[in-house]
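*Asks:* So I've got this file, input_7.cif, and it contains mmCIF, C-alpha atoms:
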data_entry
#
loop_
_atom_site.label_atom_id
_atom_site.label_comp_id
_atom_site.auth_asym_id
_atom_site.auth_seq_id
_atom_site.Cartn_x
_atom_site.Cartn_y
_atom_site.Cartn_z
CA MET A 14 -99.87 168.71 -7.01
CA LYS A 15 -101.69 166.46 -4.58
CA ILE A 16 -105.46 166.61 -4.27
CA ASN A 17 -106.87 165.79 -0.85
CA ILE A 18 -110.15 163.85 -1.23
CA ASN A 19 -112.46 163.02 1.64
CA TRP A 20 -113.41 159.47 0.57
CA LYS A 21 -116.20 159.07 3.14
CA LYS A 22 -117.94 162.19 1.85
CA PHE A 23 -117.38 161.08 -1.75
CA LEU A 24 -118.98 157.69 -1.04
CA LEU A 25 -121.87 159.29 0.85
CA PHE A 26 -122.69 161.50 -2.13
CA PHE A 27 -122.80 158.47 -4.44
CA VAL A 28 -125.13 156.65 -2.06
CA VAL A 29 -127.39 159.71 -1.93
CA ILE A 30 -127.35 160.00 -5.74
CA GLY A 31 -128.27 156.34 -6.11
CA GLY A 32 -131.10 156.66 -3.61
CA LEU A 33 -132.43 159.78 -5.32
CA LEU A 34 -132.39 158.03 -8.69
CA LEU A 35 -134.43 155.18 -7.23
CA ILE A 36 -136.91 157.51 -5.53
CA THR A 37 -137.40 160.12 -8.27
CA GLU A 38 -136.78 157.91 -11.32
CA SER A 39 -135.64 161.10 -13.08
CA PHE A 40 -132.05 161.94 -13.93
CA TRP A 41 -132.73 165.69 -14.21
CA MET A 42 -134.52 165.98 -10.87
CA THR A 43 -131.74 164.02 -9.19
CA LEU A 44 -129.16 166.28 -10.83
CA GLY A 45 -130.95 169.38 -9.55
CA ILE A 46 -131.19 168.04 -6.00
CA VAL A 47 -127.52 167.02 -5.99
CA LEU A 48 -126.47 170.47 -7.22
CA LEU A 49 -128.49 172.04 -4.41
CA LEU A 50 -126.79 169.69 -1.94
CA PHE A 51 -123.37 170.79 -3.21
CA VAL A 52 -124.30 174.44 -2.70
CA VAL A 53 -125.57 173.78 0.83
CA ASP A 54 -122.43 171.76 1.61
CA HIS A 55 -120.24 174.65 0.44
CA PHE A 56 -122.02 177.18 2.64
CA LEU A 57 -121.92 174.85 5.65
CA GLN A 58 -118.17 174.40 5.21
CA GLU A 59 -117.67 178.17 5.02
CA TYR A 60 -119.78 178.65 8.16
CA ASP A 61 -117.78 175.97 9.98
CA LYS A 62 -114.47 177.63 9.01
CA LYS A 63 -115.80 180.98 10.20
CA GLN A 64 -116.90 179.54 13.54
CA ALA A 65 -113.58 177.75 14.00
CA GLY A 66 -111.77 181.04 13.40
CA LYS A 67 -113.88 182.77 16.04
CA ARG A 68 -113.24 180.00 18.57
CA ASN A 69 -109.50 180.06 17.92
CA GLY A 70 -109.40 183.84 18.23
CA LYS A 71 -111.13 183.81 21.63
CA ASN A 72 -108.92 181.06 23.04
CA GLN A 73 -105.66 182.88 22.37
#
Now that the file is in, can you turn its structure into structure tokens?

*Replies:*
Amino acid sequence: MKININWKKFLLFFVVIGGLLLITESFWMTLGIVLLLFVVDHFLQEYDKKQAGKRNGKNQ
């Protein structure tokens, strides 16, 4: 089983986590913000897939 990892996105999340730790100086607040970012990222990906499906359906 091969797992496909988007390394640019992975690196971006670590940069954001590091920046949040420097700004907030709180592990728990950073953890909460990162979890919210993961949820938002999930919904944006679902929306993008939905829009791509609509575009492909109209073009055929």

*Asks:* Write out as an mmCIF file with C-alpha atoms, keeping the file's coordinate frame each polymer residue whose atoms come within 12 Å of segment 19-36 of chain A, counting only C-alpha atoms; drop sequence neighbours fewer than 2 positions from it.

*Replies:*
data_model
loop_
_atom_site.group_PDB
_atom_site.id
_atom_site.type_symbol
_atom_site.label_atom_id
_atom_site.label_comp_id
_atom_site.auth_asym_id
_atom_site.auth_seq_id
_atom_site.Cartn_x
_atom_site.Cartn_y
_atom_site.Cartn_z
ATOM 1 C CA ILE A 16 -105.460 166.610 -4.270
ATOM 2 C CA ASN A 17 -106.870 165.790 -0.850
ATOM 3 C CA GLU A 38 -136.780 157.910 -11.320
ATOM 4 C CA SER A 39 -135.640 161.100 -13.080
ATOM 5 C CA PHE A 40 -132.050 161.940 -13.930
ATOM 6 C CA TRP A 41 -132.730 165.690 -14.210
ATOM 7 C CA MET A 42 -134.520 165.980 -10.870
ATOM 8 C CA THR A 43 -131.740 164.020 -9.190
ATOM 9 C CA LEU A 44 -129.160 166.280 -10.830
ATOM 10 C CA GLY A 45 -130.950 169.380 -9.550
ATOM 11 C CA ILE A 46 -131.190 168.040 -6.000
ATOM 12 C CA VAL A 47 -127.520 167.020 -5.990
ATOM 13 C CA LEU A 48 -126.470 170.470 -7.220
ATOM 14 C CA LEU A 50 -126.790 169.690 -1.940
ATOM 15 C CA PHE A 51 -123.370 170.790 -3.210
ATOM 16 C CA ASP A 54 -122.430 171.760 1.610
#

*Asks:* Provide the atom CA of Ala65 of chain A to atom CA of Ile18 of chain A distance in Å, to one decimal place.

*Replies:*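 Separation of atom CA of Ala65 of chain A and atom CA of Ile18 of chain A: 20.9 Å.
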
*Asks:* Take atom CA of Gly66 of chain A and atom CA of Val53 of chain A and report the distance between them in Å, one decimal.

*Replies:*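 If I compute the distance from atom CA of Gly66 of chain A to atom CA of Val53 of chain A, I get 20.0 Å.
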